[in-house]
Amino acid sequence: MSEIADNIAQIQETIVQACQRANRSPDTVRVIAVSKKKPVADVLAAAAAGLQHFGENRVEEAQTKIPQVRDLYAGSLTWHMIGHIQSRKARDISGLFDVVHSLDSVKIAGRLSRSAAQQQATCEALIQVNVSGEDSKGGLWAYNWQKDTGVFERLIEDTNTIMGLPGLRVVGLMTMAPFLRDSEAVRPVFAGTFALREALCTRLNVSLPHLSMGMTDDYPIAIEEGATMVRIGRAIFGERQ
Ligand SMILES: *Cc1c(COP(=O)(O)O)cnc(C)c1O
């Protein structure tokens, strides 16, 4: 077995165990293989090992990589944009990616909506929320939303605005946990994102089935707290340069 295939098998086993602890079915967790900074050959190896969902965080890199993979791989893969989108790149997204995890402002949602609508496409999307409160993280500000009604009301308003835009189909929330040495310390961020999803769905009377949370260092905890998409790079492809 190739190293990538071996890594994927180990991750699948870890996911099964996390699902057992959480009393969930492993079918409810989708692995997004984060191939940023990794060559096309690595994407093909992961696809050969059975993965269908891939994530990239930069438009320029995706513009060269995704068409090459499409030329070389007979099956069909689903591409996820997981990084911040600059306004001037918004129009390049809908031909390239199937799902956007990083709707991190009403403004960028508006741009994506306009370009998807112009191309008569619908872009599946998740709203990124900053539950951890770190300045370095993107997303709608959601720190302390359970206690700060101003923060919560603003989230309601912005989510409602984004969900009303044409050309976007909002299917959930995405979050990033802080980089902490103790991976257990990230659990409240995941639990807070799960609770926020429930609160938004109740208030707006909508359905947001997906939670994109968990990376190499913390995906088992994210799964225990309800993640339906885990974005895994290093555990599949090894360390990045
Ligand atoms: C790079 C990246 C990941 C994957 O990180 P790993 O630690 O390599 O698993 C997940 N999500 C986002 C948004 C990223 O930029």
# chains A, B, ... in the order shown; residues from 1 in each chain; ligands from 1

call {"tool": "residues_near_ligand", "arguments": {"ligand": "ligand 1", "cutoff": "6 Å", "atoms": "only C-alpha atoms and all ligand atoms", "output": "PyMOL selection string"}}
result
chain A and resi 34+57+82-83+215-216+231-234

call {"tool": "residues_around", "arguments": {"residues": "A:Met229", "least_positions_apart": "6", "cutoff": "8 Å", "atoms": "only C-alpha atoms", "output": "list in words"}}
result
Val29, Arg30, Val31, Ile32, His210, Leu211, Ser212, Met213 and Gly214 of chain A

call {"tool": "residues_around", "arguments": {"residues": "stretch 12-24 of chain A", "least_positions_apart": "5", "cutoff": "8 Å", "atoms": "only C-alpha atoms", "output": "MDAnalysis selection string"}}
result
chainID A and resid 29 220:221 223:225

call {"tool": "write_last_selection", "arguments": {"atoms": "all heavy atoms", "output": "PDB file, in the first residue's frame"}}
result
ATOM      1  N   VAL A  29     -19.874  11.189   8.316  1.00  0.00           N
ATOM      2  CA  VAL A  29     -18.651  12.015   8.343  1.00  0.00           C
ATOM      3  C   VAL A  29     -17.938  11.913   6.994  1.00  0.00           C
ATOM      4  O   VAL A  29     -17.612  10.817   6.540  1.00  0.00           O
ATOM      5  CB  VAL A  29     -17.683  11.559   9.455  1.00  0.00           C
ATOM      6  CG1 VAL A  29     -16.423  12.425   9.448  1.00  0.00           C
ATOM      7  CG2 VAL A  29     -18.356  11.606  10.818  1.00  0.00           C
ATOM      8  N   PRO A 220     -10.836  13.919  15.619  1.00  0.00           N
ATOM      9  CA  PRO A 220     -11.674  13.005  16.405  1.00  0.00           C
ATOM     10  C   PRO A 220     -12.582  13.763  17.388  1.00  0.00           C
ATOM     11  O   PRO A 220     -13.744  13.380  17.579  1.00  0.00           O
ATOM     12  CB  PRO A 220     -10.652  12.140  17.143  1.00  0.00           C
ATOM     13  CG  PRO A 220      -9.414  12.196  16.287  1.00  0.00           C
ATOM     14  CD  PRO A 220      -9.403  13.614  15.773  1.00  0.00           C
ATOM     15  N   ILE A 221     -12.064  14.844  17.954  1.00  0.00           N
ATOM     16  CA  ILE A 221     -12.878  15.633  18.895  1.00  0.00           C
ATOM     17  C   ILE A 221     -14.002  16.342  18.153  1.00  0.00           C
ATOM     18  O   ILE A 221     -15.146  16.392  18.616  1.00  0.00           O
ATOM     19  CB  ILE A 221     -11.984  16.644  19.659  1.00  0.00           C
ATOM     20  CG1 ILE A 221     -10.960  15.876  20.496  1.00  0.00           C
ATOM     21  CG2 ILE A 221     -12.821  17.558  20.540  1.00  0.00           C
ATOM     22  CD1 ILE A 221      -9.907  16.757  21.120  1.00  0.00           C
ATOM     23  N   ILE A 223     -15.482  15.337  15.510  1.00  0.00           N
ATOM     24  CA  ILE A 223     -16.509  14.324  15.190  1.00  0.00           C
ATOM     25  C   ILE A 223     -17.365  14.033  16.421  1.00  0.00           C
ATOM     26  O   ILE A 223     -18.592  13.948  16.332  1.00  0.00           O
ATOM     27  CB  ILE A 223     -15.845  13.045  14.639  1.00  0.00           C
ATOM     28  CG1 ILE A 223     -15.274  13.312  13.248  1.00  0.00           C
ATOM     29  CG2 ILE A 223     -16.843  11.880  14.602  1.00  0.00           C
ATOM     30  CD1 ILE A 223     -14.372  12.222  12.715  1.00  0.00           C
ATOM     31  N   GLU A 224     -16.719  13.929  17.578  1.00  0.00           N
ATOM     32  CA  GLU A 224     -17.501  13.708  18.810  1.00  0.00           C
ATOM     33  C   GLU A 224     -18.486  14.844  19.043  1.00  0.00           C
ATOM     34  O   GLU A 224     -19.534  14.651  19.640  1.00  0.00           O
ATOM     35  CB  GLU A 224     -16.566  13.574  20.018  1.00  0.00           C
ATOM     36  CG  GLU A 224     -15.797  12.263  20.051  1.00  0.00           C
ATOM     37  CD  GLU A 224     -14.728  12.240  21.134  1.00  0.00           C
ATOM     38  OE1 GLU A 224     -14.822  13.002  22.115  1.00  0.00           O
ATOM     39  OE2 GLU A 224     -13.784  11.457  20.978  1.00  0.00           O
ATOM     40  N   GLU A 225     -18.127  16.041  18.560  1.00  0.00           N
ATOM     41  CA  GLU A 225     -18.989  17.210  18.778  1.00  0.00           C
ATOM     42  C   GLU A 225     -19.893  17.506  17.577  1.00  0.00           C
ATOM     43  O   GLU A 225     -20.505  18.565  17.513  1.00  0.00           O
ATOM     44  CB  GLU A 225     -18.140  18.438  19.129  1.00  0.00           C
ATOM     45  CG  GLU A 225     -17.336  18.289  20.422  1.00  0.00           C
ATOM     46  CD  GLU A 225     -18.206  18.034  21.657  1.00  0.00           C
ATOM     47  OE1 GLU A 225     -19.362  18.493  21.690  1.00  0.00           O
ATOM     48  OE2 GLU A 225     -17.724  17.342  22.583  1.00  0.00           O
TER      49      GLU A 225
END

call {"tool": "residues_around", "arguments": {"residues": "A:Asp98", "least_positions_apart": "2", "cutoff": "12 Å", "atoms": "only C-alpha atoms", "output": "list in words"}}
result
His53, Phe54, Gly55, Glu56, Ile66, Ser76, Leu77, Thr78, Trp79, His80, Met81, Ile82, Asp92, Ile93, Ser94, Gly95, Leu96, Val100, His101, Ala116, Ala121, Thr122, Cys123, Glu124, Ala125, Leu126, Leu168 and Arg169 of chain A

call {"tool": "write_last_selection", "arguments": {"atoms": "N, CA, C and O atoms", "output": "tab-separated table (two decimals), in the first residue's frame"}}
result
chain	number	residue	atom	x	y	z
A	53	HIS	N	-13.47	13.76	-2.08
A	53	HIS	CA	-13.60	15.19	-1.76
A	53	HIS	C	-12.22	15.77	-1.45
A	53	HIS	O	-11.48	15.22	-0.64
A	54	PHE	N	-11.91	16.88	-2.12
A	54	PHE	CA	-10.60	17.51	-1.97
A	54	PHE	C	-10.76	18.99	-1.67
A	54	PHE	O	-11.69	19.62	-2.17
A	55	GLY	N	-9.84	19.51	-0.86
A	55	GLY	CA	-9.91	20.92	-0.48
A	55	GLY	C	-8.65	21.66	-0.85
A	55	GLY	O	-7.53	21.14	-0.73
A	56	GLU	N	-8.84	22.90	-1.31
A	56	GLU	CA	-7.72	23.79	-1.61
A	56	GLU	C	-8.02	25.13	-0.95
A	56	GLU	O	-9.19	25.48	-0.75
A	66	ILE	N	-6.52	21.85	-10.32
A	66	ILE	CA	-7.80	21.14	-10.56
A	66	ILE	C	-7.96	20.71	-12.03
A	66	ILE	O	-8.31	19.56	-12.29
A	76	SER	N	-15.17	11.27	-10.98
A	76	SER	CA	-15.43	12.68	-10.70
A	76	SER	C	-15.16	12.98	-9.22
A	76	SER	O	-15.53	12.21	-8.33
A	77	LEU	N	-14.47	14.07	-9.00
A	77	LEU	CA	-14.11	14.48	-7.65
A	77	LEU	C	-14.86	15.76	-7.32
A	77	LEU	O	-15.22	16.53	-8.20
A	78	THR	N	-15.08	15.98	-6.05
A	78	THR	CA	-15.74	17.21	-5.60
A	78	THR	C	-14.68	18.10	-4.95
A	78	THR	O	-13.92	17.64	-4.08
A	79	TRP	N	-14.63	19.37	-5.41
A	79	TRP	CA	-13.60	20.29	-4.92
A	79	TRP	C	-14.20	21.31	-3.97
A	79	TRP	O	-15.22	21.93	-4.27
A	80	HIS	N	-13.52	21.49	-2.84
A	80	HIS	CA	-13.99	22.38	-1.78
A	80	HIS	C	-13.00	23.54	-1.61
A	80	HIS	O	-11.80	23.30	-1.42
A	81	MET	N	-13.49	24.75	-1.65
A	81	MET	CA	-12.65	25.91	-1.35
A	81	MET	C	-12.72	26.16	0.15
A	81	MET	O	-13.80	26.42	0.69
A	82	ILE	N	-11.56	26.08	0.83
A	82	ILE	CA	-11.58	26.20	2.29
A	82	ILE	C	-10.88	27.45	2.80
A	82	ILE	O	-10.86	27.69	4.00
A	92	ASP	N	-13.87	33.65	-10.06
A	92	ASP	CA	-13.18	32.42	-10.51
A	92	ASP	C	-13.65	31.18	-9.76
A	92	ASP	O	-13.32	30.05	-10.14
A	93	ILE	N	-14.39	31.37	-8.69
A	93	ILE	CA	-14.72	30.24	-7.81
A	93	ILE	C	-15.68	29.26	-8.44
A	93	ILE	O	-15.47	28.05	-8.43
A	94	SER	N	-16.77	29.78	-9.04
A	94	SER	CA	-17.86	28.84	-9.34
A	94	SER	C	-17.53	27.86	-10.47
A	94	SER	O	-18.06	26.76	-10.47
A	95	GLY	N	-16.62	28.21	-11.39
A	95	GLY	CA	-16.24	27.22	-12.40
A	95	GLY	C	-15.28	26.16	-11.89
A	95	GLY	O	-15.09	25.12	-12.51
A	96	LEU	N	-14.68	26.45	-10.74
A	96	LEU	CA	-13.57	25.64	-10.24
A	96	LEU	C	-14.00	24.71	-9.10
A	96	LEU	O	-13.65	23.54	-9.06
A	100	VAL	N	-18.02	25.88	-1.23
A	100	VAL	CA	-17.19	26.88	-0.57
A	100	VAL	C	-17.44	26.81	0.94
A	100	VAL	O	-18.57	26.92	1.39
A	101	HIS	N	-16.36	26.59	1.72
A	101	HIS	CA	-16.50	26.50	3.18
A	101	HIS	C	-16.27	27.85	3.85
A	101	HIS	O	-16.44	27.97	5.05
A	116	ALA	N	-22.11	33.53	-9.39
A	116	ALA	CA	-22.79	32.24	-9.63
A	116	ALA	C	-24.06	32.47	-10.43
A	116	ALA	O	-24.34	31.76	-11.40
A	121	ALA	N	-25.24	29.23	-12.23
A	121	ALA	CA	-24.79	28.10	-11.42
A	121	ALA	C	-25.30	28.31	-9.99
A	121	ALA	O	-25.71	29.41	-9.62
A	122	THR	N	-25.30	27.23	-9.23
A	122	THR	CA	-25.58	27.35	-7.80
A	122	THR	C	-24.37	26.84	-7.06
A	122	THR	O	-23.86	25.76	-7.36
A	123	CYS	N	-23.88	27.65	-6.14
A	123	CYS	CA	-22.69	27.29	-5.38
A	123	CYS	C	-23.14	26.83	-3.99
A	123	CYS	O	-23.84	27.55	-3.29
A	124	GLU	N	-22.73	25.62	-3.63
A	124	GLU	CA	-23.02	25.15	-2.28
A	124	GLU	C	-22.03	25.82	-1.33
A	124	GLU	O	-20.85	25.94	-1.67
A	125	ALA	N	-22.50	26.25	-0.18
A	125	ALA	CA	-21.61	27.04	0.67
A	125	ALA	C	-21.89	26.83	2.15
A	125	ALA	O	-23.00	26.47	2.55
A	126	LEU	N	-20.83	27.07	2.94
A	126	LEU	CA	-20.95	27.05	4.39
A	126	LEU	C	-20.49	28.41	4.91
A	126	LEU	O	-19.54	29.00	4.37
A	168	LEU	N	-26.57	30.87	-4.29
A	168	LEU	CA	-25.89	30.19	-3.19
A	168	LEU	C	-26.87	29.24	-2.51
A	168	LEU	O	-28.03	29.58	-2.33
A	169	ARG	N	-26.38	28.06	-2.15
A	169	ARG	CA	-27.19	27.17	-1.34
A	169	ARG	C	-26.41	26.93	-0.05
A	169	ARG	O	-25.40	26.21	-0.06

call {"tool": "residues_around", "arguments": {"residues": "A:Ala90", "least_positions_apart": "4", "cutoff": "10 Å", "atoms": "only C-alpha atoms", "output": "list in words"}}
result
Val59, Ile85, Gln86, Ser94, Ile108, Ala109, Gly110, Arg111, Leu112, Ser113, Arg114, Ser115 and Ala116 of chain A

call {"tool": "closest_residue", "arguments": {"among": "A:Gly139, A:Gly150, A:Pro209, A:Gly133", "to": "A:Pro178", "atoms": "only C-alpha atoms"}}
result
A:Gly133

call {"tool": "select_by_dssp", "arguments": {"residues": "stretch 86-180 of chain A", "states": "alpha helix (DSSP H)", "output": "PyMOL selection string"}}
result
chain A and resi 90-96+106-118+149-163

call {"tool": "closest_residue", "arguments": {"among": "A:Ala117, A:Ala62, A:Ala33, A:Leu173", "to": "A:Glu198", "atoms": "only C-alpha atoms"}}
result
A:Leu173

call {"tool": "atom_distance", "arguments": {"atom1": "atom CA of A:Ala199", "atom2": "atom CA of A:Ser183"}}
result
25.6 Å

call {"tool": "residues_around", "arguments": {"residues": "A:Ile236", "least_positions_apart": "3", "cutoff": "10 Å", "atoms": "only C-alpha atoms", "output": "ChimeraX atom specification"}}
result
/A:3-11,33-35,42,46,216,232-233,239

call {"tool": "write_last_selection", "arguments": {"atoms": "all heavy atoms", "output": "compact mmCIF listing (two decimals), in the first residue's frame"}}
result
# COMPACT_ATOMS: atom_id res chain seq x y z
N GLU A 3 1.97 5.08 0.96
CA GLU A 3 1.91 5.74 2.26
C GLU A 3 0.59 6.51 2.41
O GLU A 3 -0.02 6.51 3.47
CB GLU A 3 3.10 6.67 2.40
CG GLU A 3 3.34 7.06 3.84
CD GLU A 3 4.59 7.93 3.99
OE1 GLU A 3 5.54 7.74 3.20
OE2 GLU A 3 4.59 8.79 4.87
N ILE A 4 0.17 7.16 1.32
CA ILE A 4 -1.08 7.93 1.37
C ILE A 4 -2.27 7.00 1.61
O ILE A 4 -3.13 7.27 2.45
CB ILE A 4 -1.24 8.77 0.08
CG1 ILE A 4 -0.25 9.94 0.12
CG2 ILE A 4 -2.68 9.27 -0.10
CD1 ILE A 4 -0.18 10.77 -1.14
N ALA A 5 -2.29 5.88 0.93
CA ALA A 5 -3.40 4.92 1.12
C ALA A 5 -3.38 4.39 2.55
O ALA A 5 -4.44 4.22 3.18
CB ALA A 5 -3.28 3.78 0.12
N ASP A 6 -2.19 4.15 3.07
CA ASP A 6 -2.04 3.67 4.43
C ASP A 6 -2.56 4.70 5.44
O ASP A 6 -3.29 4.38 6.39
CB ASP A 6 -0.54 3.40 4.65
CG ASP A 6 -0.29 2.52 5.84
OD1 ASP A 6 -1.19 1.73 6.17
OD2 ASP A 6 0.80 2.62 6.44
N ASN A 7 -2.19 5.96 5.21
CA ASN A 7 -2.67 7.04 6.08
C ASN A 7 -4.19 7.13 6.06
O ASN A 7 -4.83 7.31 7.10
CB ASN A 7 -2.09 8.39 5.62
CG ASN A 7 -0.60 8.50 5.86
OD1 ASN A 7 -0.04 7.74 6.64
ND2 ASN A 7 0.04 9.45 5.18
N ILE A 8 -4.76 7.00 4.87
CA ILE A 8 -6.22 7.11 4.73
C ILE A 8 -6.90 5.96 5.50
O ILE A 8 -7.90 6.18 6.19
CB ILE A 8 -6.62 7.14 3.24
CG1 ILE A 8 -6.14 8.45 2.61
CG2 ILE A 8 -8.13 6.98 3.07
CD1 ILE A 8 -6.22 8.48 1.08
N ALA A 9 -6.33 4.77 5.39
CA ALA A 9 -6.92 3.63 6.11
C ALA A 9 -6.89 3.88 7.62
O ALA A 9 -7.86 3.59 8.33
CB ALA A 9 -6.16 2.35 5.75
N GLN A 10 -5.79 4.46 8.10
CA GLN A 10 -5.70 4.75 9.55
C GLN A 10 -6.72 5.80 9.98
O GLN A 10 -7.33 5.71 11.04
CB GLN A 10 -4.30 5.26 9.89
CG GLN A 10 -3.30 4.13 10.07
CD GLN A 10 -1.93 4.66 10.48
OE1 GLN A 10 -1.83 5.67 11.17
NE2 GLN A 10 -0.88 3.96 10.06
N ILE A 11 -6.88 6.81 9.13
CA ILE A 11 -7.85 7.88 9.44
C ILE A 11 -9.27 7.29 9.47
O ILE A 11 -10.06 7.61 10.36
CB ILE A 11 -7.73 9.02 8.41
CG1 ILE A 11 -6.42 9.77 8.62
CG2 ILE A 11 -8.93 9.98 8.49
CD1 ILE A 11 -6.02 10.66 7.45
N ALA A 33 -10.01 15.87 1.77
CA ALA A 33 -8.55 15.76 1.74
C ALA A 33 -7.95 17.10 1.32
O ALA A 33 -8.16 17.54 0.19
CB ALA A 33 -8.12 14.66 0.77
N VAL A 34 -7.25 17.74 2.23
CA VAL A 34 -6.72 19.08 1.95
C VAL A 34 -5.36 18.94 1.25
O VAL A 34 -4.35 18.61 1.87
CB VAL A 34 -6.62 19.92 3.24
CG1 VAL A 34 -6.01 21.29 2.94
CG2 VAL A 34 -7.99 20.08 3.88
N SER A 35 -5.38 19.18 -0.06
CA SER A 35 -4.20 18.92 -0.90
C SER A 35 -3.39 20.17 -1.19
O SER A 35 -2.51 20.14 -2.06
CB SER A 35 -4.66 18.26 -2.21
OG SER A 35 -5.73 18.98 -2.82
N ASP A 42 -0.22 13.34 -5.70
CA ASP A 42 -0.75 12.99 -4.37
C ASP A 42 -2.27 12.96 -4.38
O ASP A 42 -2.89 12.13 -3.72
CB ASP A 42 -0.26 14.00 -3.32
CG ASP A 42 1.21 13.80 -2.95
OD1 ASP A 42 1.88 12.98 -3.62
OD2 ASP A 42 1.67 14.46 -2.01
N ALA A 46 -4.61 9.68 -3.50
CA ALA A 46 -5.72 9.69 -2.53
C ALA A 46 -7.04 9.29 -3.20
O ALA A 46 -7.86 8.59 -2.61
CB ALA A 46 -5.83 11.06 -1.87
N THR A 216 -6.19 17.86 11.07
CA THR A 216 -5.32 16.75 11.48
C THR A 216 -5.22 16.59 13.00
O THR A 216 -5.33 15.48 13.52
CB THR A 216 -3.91 16.94 10.87
OG1 THR A 216 -4.01 16.72 9.45
CG2 THR A 216 -2.89 15.98 11.47
N ILE A 232 -8.81 17.38 6.32
CA ILE A 232 -7.57 16.75 6.79
C ILE A 232 -6.49 16.86 5.73
O ILE A 232 -6.66 16.38 4.60
CB ILE A 232 -7.82 15.29 7.18
CG1 ILE A 232 -8.92 15.21 8.25
CG2 ILE A 232 -6.53 14.65 7.68
CD1 ILE A 232 -9.24 13.79 8.68
N GLY A 233 -5.38 17.50 6.08
CA GLY A 233 -4.25 17.64 5.17
C GLY A 233 -3.08 16.75 5.58
O GLY A 233 -2.84 15.70 5.01
N GLU A 239 3.65 16.30 6.18
CA GLU A 239 3.89 17.72 6.47
C GLU A 239 4.05 18.51 5.18
O GLU A 239 4.55 18.00 4.19
CB GLU A 239 5.18 17.88 7.30
CG GLU A 239 5.09 17.32 8.71
CD GLU A 239 4.08 18.05 9.60
OE1 GLU A 239 3.91 19.27 9.44
OE2 GLU A 239 3.46 17.37 10.45

call {"tool": "atom_distance", "arguments": {"atom1": "atom CA of A:Glu184", "atom2": "atom CA of A:Gln146"}}
result
20.6 Å

call {"tool": "closest_residue", "arguments": {"among": "A:Met163, A:Ala177, A:Ala222, A:Val40", "to": "A:Glu61", "atoms": "only C-alpha atoms"}}
result
A:Val40

call {"tool": "select_by_dssp", "arguments": {"residues": "stretch 33-115 of chain A", "states": "strand (DSSP E)", "output": "mmCIF file with C-alpha atoms, in the first residue's frame"}}
result
data_model
loop_
_atom_site.group_PDB
_atom_site.id
_atom_site.type_symbol
_atom_site.label_atom_id
_atom_site.label_comp_id
_atom_site.auth_asym_id
_atom_site.auth_seq_id
_atom_site.Cartn_x
_atom_site.Cartn_y
_atom_site.Cartn_z
ATOM 1 C CA ALA A 33 -8.545 15.755 1.745
ATOM 2 C CA VAL A 34 -6.717 19.083 1.948
ATOM 3 C CA HIS A 53 -13.601 15.190 -1.761
ATOM 4 C CA PHE A 54 -10.601 17.509 -1.969
ATOM 5 C CA GLY A 55 -9.907 20.916 -0.476
ATOM 6 C CA GLU A 56 -7.717 23.795 -1.610
ATOM 7 C CA THR A 78 -15.736 17.210 -5.595
ATOM 8 C CA TRP A 79 -13.601 20.294 -4.921
ATOM 9 C CA HIS A 80 -13.988 22.382 -1.783
ATOM 10 C CA MET A 81 -12.651 25.912 -1.353
ATOM 11 C CA VAL A 99 -18.464 23.789 -2.382
ATOM 12 C CA VAL A 100 -17.193 26.884 -0.571
ATOM 13 C CA HIS A 101 -16.502 26.505 3.180
ATOM 14 C CA SER A 102 -15.231 30.016 3.688
ATOM 15 C CA LEU A 103 -18.131 32.427 3.300
#
